[in-house]
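S.K.: Contents of final_6.cif (mmCIF, C-alpha atoms):
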```cif
data_run
#
loop_
_atom_site.label_atom_id
_atom_site.label_comp_id
_atom_site.auth_asym_id
_atom_site.auth_seq_id
_atom_site.Cartn_x
_atom_site.Cartn_y
_atom_site.Cartn_z
CA MET A 106 89.75 80.75 84.97
CA ASN A 107 93.14 82.42 85.47
CA LYS A 108 93.01 84.87 88.38
CA VAL A 109 96.76 85.60 88.53
CA TYR A 110 98.02 88.74 86.78
CA PRO A 111 101.68 89.64 86.17
CA THR A 112 101.54 93.17 87.66
CA ALA A 113 99.20 95.37 89.67
CA LYS A 114 98.63 97.48 86.55
CA HIS A 115 97.47 94.44 84.60
CA ALA A 116 95.23 93.36 87.49
CA LEU A 117 93.41 96.71 87.37
CA ASP A 118 93.15 96.99 83.59
CA SER A 119 89.51 97.29 82.46
CA VAL A 120 88.42 97.27 86.13
CA ILE A 121 89.16 100.72 87.54
CA LYS A 122 87.29 103.74 86.16
CA ASP A 123 86.50 107.37 87.00
CA GLY A 124 83.80 107.96 89.61
CA GLN A 125 83.89 104.48 91.12
CA THR A 126 83.58 103.46 94.76
CA LEU A 127 86.77 101.79 95.93
CA ALA A 128 87.06 99.76 99.17
CA VAL A 129 90.59 99.30 100.48
CA GLY A 130 91.79 96.99 103.25
CA GLY A 131 94.19 97.90 106.02
CA PHE A 132 94.43 99.51 109.43
CA GLY A 133 96.80 102.42 109.47
CA LEU A 134 99.58 101.11 107.22
CA CYS A 135 99.18 97.50 108.39
CA GLY A 136 97.82 95.12 105.77
CA ILE A 137 97.37 97.65 102.97
CA PRO A 138 97.57 96.63 99.28
CA GLU A 139 100.36 99.11 98.61
CA ARG A 140 101.24 98.01 95.06
CA LEU A 141 97.58 98.10 93.98
CA ILE A 142 97.16 101.58 95.46
CA GLU A 143 100.18 102.73 93.45
CA ALA A 144 98.61 101.23 90.33
CA VAL A 145 95.38 103.14 90.98
CA ARG A 146 97.42 106.33 91.25
CA ASP A 147 99.27 105.58 88.02
CA SER A 148 96.01 104.81 86.19
CA GLY A 149 94.96 108.45 86.55
CA VAL A 150 91.34 107.68 87.46
CA ARG A 151 89.58 110.47 89.32
CA ALA A 152 86.51 111.35 91.42
CA LEU A 153 86.83 108.19 93.50
CA THR A 154 84.88 107.43 96.65
CA CYS A 155 87.20 105.50 98.96
CA ILE A 156 85.92 103.26 101.76
CA SER A 157 88.71 102.50 104.19
CA ASN A 158 89.37 102.55 107.91
CA ASN A 159 91.69 105.51 107.39
CA ALA A 160 93.43 107.51 104.67
CA GLY A 161 97.03 106.34 104.99
CA VAL A 162 99.76 108.93 105.50
CA ASP A 163 101.28 111.65 103.36
CA GLY A 164 103.09 110.00 100.48
CA PHE A 165 102.11 106.39 101.19
CA GLY A 166 99.03 104.19 101.10
CA LEU A 167 95.84 106.06 100.26
CA GLY A 168 97.81 109.23 100.91
CA LEU A 169 99.15 108.77 97.38
CA LEU A 170 95.66 109.17 95.92
CA LEU A 171 95.01 112.25 98.04
CA GLN A 172 98.29 113.75 96.91
CA THR A 173 97.14 113.53 93.28
CA LYS A 174 93.56 114.62 94.15
CA GLN A 175 92.02 111.46 92.76
CA VAL A 176 89.67 111.03 95.74
CA ARG A 177 86.38 112.93 95.89
CA LYS A 178 84.99 111.38 99.07
CA MET A 179 86.30 109.32 101.98
CA ILE A 180 84.16 106.97 104.08
CA ALA A 181 86.41 106.24 107.05
CA SER A 182 86.69 105.74 110.80
CA TYR A 183 89.59 108.13 111.38
CA VAL A 184 91.97 110.32 109.44
CA GLY A 185 95.41 109.33 110.75
CA GLU A 186 98.65 111.23 110.23
CA ASN A 187 97.70 112.83 106.92
CA LYS A 188 98.21 116.56 106.46
CA GLU A 189 97.06 116.48 102.83
CA PHE A 190 93.75 114.94 103.89
CA GLU A 191 93.29 117.70 106.47
CA ARG A 192 94.21 120.42 103.99
CA GLN A 193 91.78 119.22 101.30
CA TYR A 194 88.95 118.67 103.77
CA LEU A 195 89.28 122.13 105.35
CA ALA A 196 89.46 123.67 101.87
CA GLY A 197 86.18 121.97 100.89
CA GLU A 198 87.91 119.87 98.22
CA LEU A 199 87.22 116.52 99.89
CA GLU A 200 83.98 115.10 101.28
CA LEU A 201 84.23 113.06 104.47
CA GLU A 202 81.76 110.60 105.97
CA PHE A 203 82.90 109.48 109.42
CA THR A 204 81.60 106.06 110.48
CA PRO A 205 82.28 104.24 113.78
CA GLN A 206 84.81 101.47 113.25
CA GLY A 207 82.57 98.53 114.11
CA THR A 208 79.72 99.99 112.08
CA LEU A 209 82.02 100.45 109.08
CA ALA A 210 83.09 96.80 109.26
CA GLU A 211 79.48 95.61 109.52
CA LYS A 212 78.35 97.87 106.67
CA MET A 213 80.87 96.16 104.37
CA ARG A 214 80.13 92.66 105.68
CA ALA A 215 76.40 93.22 105.27
CA GLY A 216 76.91 94.53 101.74
CA GLY A 217 78.84 91.41 100.83
CA ALA A 218 76.16 89.20 102.39
CA GLY A 219 73.35 90.88 100.45
CA ILE A 220 71.87 92.61 103.49
CA PRO A 221 70.74 96.14 102.50
CA ALA A 222 70.69 97.65 106.01
CA PHE A 223 70.82 96.84 109.72
CA PHE A 224 70.06 98.39 113.10
CA THR A 225 72.84 99.18 115.59
CA PRO A 226 72.90 101.04 118.93
CA THR A 227 76.22 102.68 118.02
CA GLY A 228 75.79 106.38 117.30
CA VAL A 229 72.30 106.84 118.72
CA GLY A 230 71.94 110.39 120.04
CA THR A 231 75.03 111.64 118.19
CA LEU A 232 75.81 113.28 114.84
CA VAL A 233 76.17 109.77 113.39
CA ALA A 234 72.39 109.26 113.68
CA GLN A 235 71.33 112.55 112.09
CA GLY A 236 68.97 112.00 109.18
CA LYS A 237 68.71 108.26 109.82
CA GLU A 238 65.81 106.18 111.09
CA VAL A 239 65.93 105.38 114.82
CA ARG A 240 63.77 102.56 116.15
CA GLU A 241 63.28 101.02 119.56
CA PHE A 242 63.75 97.29 120.22
CA ALA A 243 63.18 95.82 123.70
CA GLY A 244 63.33 99.27 125.22
CA LYS A 245 66.62 100.29 123.53
CA SER A 246 67.15 102.69 120.62
CA TYR A 247 68.90 101.63 117.45
CA VAL A 248 69.89 103.56 114.33
CA LEU A 249 69.40 102.17 110.82
CA GLU A 250 72.64 101.95 108.82
CA ALA A 251 72.76 101.20 105.10
CA SER A 252 75.25 98.57 103.97
CA LEU A 253 78.14 99.34 101.62
CA ARG A 254 79.08 97.85 98.26
CA ALA A 255 82.16 98.85 96.29
CA ASP A 256 82.71 98.70 92.54
CA VAL A 257 86.24 97.50 93.23
CA ALA A 258 87.79 96.14 96.44
CA LEU A 259 91.55 96.04 96.99
CA VAL A 260 92.88 93.73 99.70
CA LYS A 261 96.21 92.52 101.02
CA ALA A 262 96.78 88.89 102.03
CA TRP A 263 99.74 86.78 103.12
CA LYS A 264 99.05 83.67 101.05
CA ALA A 265 96.73 82.72 98.21
CA ASP A 266 96.23 79.78 95.92
CA ARG A 267 95.41 80.16 92.25
CA GLN A 268 91.68 79.91 92.96
CA GLY A 269 91.88 83.08 95.05
CA ASN A 270 91.49 81.53 98.50
CA LEU A 271 93.20 83.93 100.92
CA VAL A 272 95.05 83.60 104.22
CA TYR A 273 95.93 86.75 106.18
CA ARG A 274 98.77 87.05 108.69
CA LYS A 275 97.98 88.07 112.26
CA THR A 276 96.86 91.71 112.69
CA ALA A 277 97.35 92.38 108.98
CA ARG A 278 93.97 90.66 108.56
CA ASN A 279 92.10 93.66 110.07
CA PHE A 280 89.46 94.99 107.62
CA ASN A 281 90.60 92.93 104.64
CA PRO A 282 88.03 90.07 104.89
CA VAL A 283 85.01 92.40 104.92
CA VAL A 284 86.54 94.60 102.21
CA ALA A 285 86.94 91.49 100.04
CA MET A 286 83.27 90.63 100.61
CA CYS A 287 81.84 94.01 99.64
CA GLY A 288 83.58 94.37 96.28
CA ARG A 289 81.77 93.58 93.05
CA VAL A 290 85.28 92.95 91.72
CA THR A 291 87.92 92.10 94.33
CA VAL A 292 91.64 92.25 93.57
CA ALA A 293 94.04 90.73 96.09
CA GLU A 294 97.72 91.58 96.51
CA VAL A 295 99.50 88.62 98.09
CA GLU A 296 102.99 87.87 99.35
CA GLN A 297 102.98 84.17 98.54
CA LEU A 298 101.18 82.25 95.79
CA VAL A 299 100.79 78.49 96.24
CA GLU A 300 99.22 75.80 94.11
CA ASN A 301 95.60 74.77 94.51
CA GLY A 302 95.18 72.28 97.34
CA GLU A 303 98.20 73.46 99.34
CA LEU A 304 96.19 75.62 101.75
CA ASP A 305 94.50 73.92 104.68
CA PRO A 306 90.77 74.53 104.08
CA ASP A 307 90.28 75.18 107.81
CA GLN A 308 92.83 78.02 107.69
CA ILE A 309 91.32 79.94 104.75
CA HIS A 310 90.00 83.35 105.84
CA THR A 311 88.48 84.55 102.54
CA PRO A 312 87.09 81.96 100.10
CA GLY A 313 88.12 82.36 96.48
CA ILE A 314 84.52 83.00 95.40
CA PHE A 315 84.99 86.58 96.67
CA VAL A 316 88.24 87.15 94.74
CA GLN A 317 88.38 87.73 90.98
CA ARG A 318 92.02 88.80 90.47
CA LEU A 319 95.39 88.21 92.13
CA VAL A 320 98.80 89.86 91.93
CA VAL A 321 101.96 88.83 93.81
CA ASN A 322 104.03 91.37 95.74
CA SER A 323 106.58 89.24 97.55
CA HIS A 324 108.53 92.17 99.06
CA PRO A 325 106.09 94.77 100.44
CA GLN A 326 107.47 97.76 102.33
CA LYS A 327 105.40 97.25 105.52
CA ARG A 328 106.01 100.73 106.87
CA ILE A 329 105.23 101.80 110.43
CA GLU A 330 102.63 104.57 110.52
CA GLN A 331 103.95 106.40 113.56
CA ARG A 332 106.99 105.24 115.51
CA THR A 333 106.98 106.18 119.21
CA VAL A 334 110.02 105.45 121.35
CA ARG A 335 110.66 106.10 125.01
CA THR A 336 113.29 108.72 125.77
CA ALA A 337 116.06 107.85 128.22
#
```
Now, as a test, write the supplied structure out as structure tokens.

M.R.:
Amino acid sequence: MNKVYPTAKHALDSVIKDGQTLAVGGFGLCGIPERLIEAVRDSGVRALTCISNNAGVDGFGLGLLLQTKQVRKMIASYVGENKEFERQYLAGELELEFTPQGTLAEKMRAGGAGIPAFFTPTGVGTLVAQGKEVREFAGKSYVLEASLRADVALVKAWKADRQGNLVYRKTARNFNPVVAMCGRVTVAEVEQLVENGELDPDQIHTPGIFVQRLVVNSHPQKRIEQRTVRTA
């Protein structure tokens, strides 16, 4: 089975459709599948539900999909530096479901592991728990959270072999492993492609069984979300 596609557009052909749920790796602009996000924009699909830690920035990352109004709903942990996100949300054009960061990661991991829901103490007594079951275990309250599955998951990795085994680099790993797990179809954008057997099995972060398609982007932009410098 050939998992390697020549371009991001080819990797998304016959995969991405209107109304789908899309999970996207990254934290801020670190470890985002930027070329795949551009290909989603260029595909013209609409009414997407995007699961991601945040929504990128104006004009880059998931901000590109907000700019073209292709996103109907965001499931995220924070907004980030994104004025278009704020504008659409306040105008009632964009639905937002805020989820605590650790809960969001576990919701995707659980979805990938076939676990439909789990109890967590995070959010008990807050807006996060409204409308959800709360149960007591050993004298402590926990809220029931449903897991998340995505129709398509887009992830960014440092290295991959042709079987789709992935290795992430340092903090660019962030949400990518759990995003890869929760996708029914997972497409990985990688900087380096090596032959099967070249990766040390003990260093593989995401097994190839979770990855259906690969595309190489050897020169990603790797932008900084917000640069802060000390004044003299």

S.K.: Taking the file as shown, what set of residues would the PyMOL selection byres ((chain A and resi 318) around 6) give back, as a ChimeraX atom specification?

M.R.: /A:108,292,316-317,319

S.K.: Within 9 Å of stretch 139-144 of chain A, which residues of stretch 245-323 of chain A show up? Give each one with its shortest atom-to-atom distance in Å (one decimal) and the two atoms involved, counting only C-alpha atoms, rows by chain then rising residue number, as a tab-separated table.

M.R.:
```
residue	atom	partner	partner_atom	distance
A:Leu259	CA	A:Leu141	CA	7.0
A:Val260	CA	A:Leu141	CA	8.6
A:Lys261	CA	A:Glu139	CA	8.2
A:Val292	CA	A:Leu141	CA	8.3
A:Ala293	CA	A:Leu141	CA	8.4
A:Glu294	CA	A:Leu141	CA	7.0
A:Val320	CA	A:Leu141	CA	8.6
A:Asn322	CA	A:Arg140	CA	7.2
```

S.K.: Distance atom CA of A:Glu186-atom CA of A:Gly133, one decimal place?

M.R.: 9.0 Å

S.K.: Since I can't run it myself right now, could you work out what the PyMOL selection byres ((chain A and resi 159-161) around 6) selects here and report it as a list in words?

M.R.: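 The output of the PyMOL selection byres ((chain A and resi 159-161) around 6) on this file is Gly133, Ser157, Asn158, Val162, Gly166, Leu167, Gly168, Ala181, Tyr183 and Val184 of chain A.
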
S.K.: So that I have them on file, write out the residues from the current selection with C-alpha atoms, as a PDB file, keeping the file's coordinate frame.

M.R.:
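This is the output file out_31.pdb:
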```pdb
ATOM      1  CA  GLY A 133      96.800 102.420 109.470  1.00  0.00           C
ATOM      2  CA  SER A 157      88.710 102.500 104.190  1.00  0.00           C
ATOM      3  CA  ASN A 158      89.370 102.550 107.910  1.00  0.00           C
ATOM      4  CA  VAL A 162      99.760 108.930 105.500  1.00  0.00           C
ATOM      5  CA  GLY A 166      99.030 104.190 101.100  1.00  0.00           C
ATOM      6  CA  LEU A 167      95.840 106.060 100.260  1.00  0.00           C
ATOM      7  CA  GLY A 168      97.810 109.230 100.910  1.00  0.00           C
ATOM      8  CA  ALA A 181      86.410 106.240 107.050  1.00  0.00           C
ATOM      9  CA  TYR A 183      89.590 108.130 111.380  1.00  0.00           C
ATOM     10  CA  VAL A 184      91.970 110.320 109.440  1.00  0.00           C
TER      11      VAL A 184
END
```

S.K.: Starting from the shown file, work through the PyMOL selection byres ((chain A and resi 145) around 12) and note down what comes out as JSON, numbers by chain.

M.R.: {"A": [113, 114, 115, 116, 117, 118, 119, 120, 121, 122, 123, 125, 127, 129, 138, 139, 140, 141, 142, 143, 144, 146, 147, 148, 149, 150, 151, 153, 155, 166, 167, 168, 169, 170, 171, 173, 175, 176, 257, 258, 259, 292]}

S.K.: Write the residues of the preceding selection, restricted to C-alpha atoms, as an mmCIF file, in the frame of the given file.

M.R.:
```cif
data_model
loop_
_atom_site.group_PDB
_atom_site.id
_atom_site.type_symbol
_atom_site.label_atom_id
_atom_site.label_comp_id
_atom_site.auth_asym_id
_atom_site.auth_seq_id
_atom_site.Cartn_x
_atom_site.Cartn_y
_atom_site.Cartn_z
ATOM 1 C CA ALA A 113 99.200 95.370 89.670
ATOM 2 C CA LYS A 114 98.630 97.480 86.550
ATOM 3 C CA HIS A 115 97.470 94.440 84.600
ATOM 4 C CA ALA A 116 95.230 93.360 87.490
ATOM 5 C CA LEU A 117 93.410 96.710 87.370
ATOM 6 C CA ASP A 118 93.150 96.990 83.590
ATOM 7 C CA SER A 119 89.510 97.290 82.460
ATOM 8 C CA VAL A 120 88.420 97.270 86.130
ATOM 9 C CA ILE A 121 89.160 100.720 87.540
ATOM 10 C CA LYS A 122 87.290 103.740 86.160
ATOM 11 C CA ASP A 123 86.500 107.370 87.000
ATOM 12 C CA GLN A 125 83.890 104.480 91.120
ATOM 13 C CA LEU A 127 86.770 101.790 95.930
ATOM 14 C CA VAL A 129 90.590 99.300 100.480
ATOM 15 C CA PRO A 138 97.570 96.630 99.280
ATOM 16 C CA GLU A 139 100.360 99.110 98.610
ATOM 17 C CA ARG A 140 101.240 98.010 95.060
ATOM 18 C CA LEU A 141 97.580 98.100 93.980
ATOM 19 C CA ILE A 142 97.160 101.580 95.460
ATOM 20 C CA GLU A 143 100.180 102.730 93.450
ATOM 21 C CA ALA A 144 98.610 101.230 90.330
ATOM 22 C CA ARG A 146 97.420 106.330 91.250
ATOM 23 C CA ASP A 147 99.270 105.580 88.020
ATOM 24 C CA SER A 148 96.010 104.810 86.190
ATOM 25 C CA GLY A 149 94.960 108.450 86.550
ATOM 26 C CA VAL A 150 91.340 107.680 87.460
ATOM 27 C CA ARG A 151 89.580 110.470 89.320
ATOM 28 C CA LEU A 153 86.830 108.190 93.500
ATOM 29 C CA CYS A 155 87.200 105.500 98.960
ATOM 30 C CA GLY A 166 99.030 104.190 101.100
ATOM 31 C CA LEU A 167 95.840 106.060 100.260
ATOM 32 C CA GLY A 168 97.810 109.230 100.910
ATOM 33 C CA LEU A 169 99.150 108.770 97.380
ATOM 34 C CA LEU A 170 95.660 109.170 95.920
ATOM 35 C CA LEU A 171 95.010 112.250 98.040
ATOM 36 C CA THR A 173 97.140 113.530 93.280
ATOM 37 C CA GLN A 175 92.020 111.460 92.760
ATOM 38 C CA VAL A 176 89.670 111.030 95.740
ATOM 39 C CA VAL A 257 86.240 97.500 93.230
ATOM 40 C CA ALA A 258 87.790 96.140 96.440
ATOM 41 C CA LEU A 259 91.550 96.040 96.990
ATOM 42 C CA VAL A 292 91.640 92.250 93.570
#
```

S.K.: So that I can see what lies close to A:Phe315, please list as a ChimeraX atom specification the residues with an atom at most 12 Å from it, counting only C-alpha atoms and leaving out residues fewer than 5 positions away in the same chain.

M.R.: /A:108,214,217-218,257-260,268-271,281-293,310

S.K.: Using only the atoms of stretch 202-214 of chain A listed in the file, plus 3 Å on each side, state the axis-aligned box centre and edge lengths in Å rounded to one decimal, as AutoDock Vina command-line options.

M.R.:
```
--center_x 81.6 --center_y 101.6 --center_z 109.2 --size_x 12.5 --size_y 23.9 --size_z 15.7
```

S.K.: Mind giving me the straight-line distance from atom CA of A:Leu209 to atom CA of A:Thr112 in Å, one decimal?

M.R.: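 Computing it gives 29.9 Å between the two atoms.
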
S.K.: From the list A:Glu202, A:Gly130, A:Val233, A:Gly164, which residue is nearest A:Met179 when using all atoms listed in the file?

M.R.: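 With all atoms listed in the file as the atom set, the closest residue is A:Glu202.
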
S.K.: Contacts of A:Val321 at 8 Å or less, counting all atoms listed in the file, minus same-chain residues fewer than 4 places along, as a list in words?

M.R.: Pro111, Thr112, Glu294, Val295, Glu296, Gln297 and Leu298 of chain A

S.K.: Within 9 Å of A:Arg274, counting all atoms listed in the file, which residues show up once you throw out same-chain ones fewer than 5 positions away? Write them as a PyMOL selection string, please.

M.R.: chain A and resi 136+262-264

S.K.: Figure out the distance between atom CA of A:Gly313 and atom CA of A:Asp266, please, to one decimal in Å.

M.R.: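 We find that atom CA of A:Asp266 and atom CA of A:Gly313 lie 8.5 Å from each other.
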
S.K.: So, counting all atoms listed in the file, which residue among A:Tyr110, A:Phe165, A:Phe132, A:Phe280 is closest to A:Glu211?

M.R.: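 Closest candidate: A:Phe280.
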
S.K.: Could you pull the residues within 12 Å of stretch 234-245 of chain A, counting only C-alpha atoms, minus those fewer than 3 positions along the same chain, as number ranges by chain?

M.R.: A: 203-205, 208, 222-231, 248-251
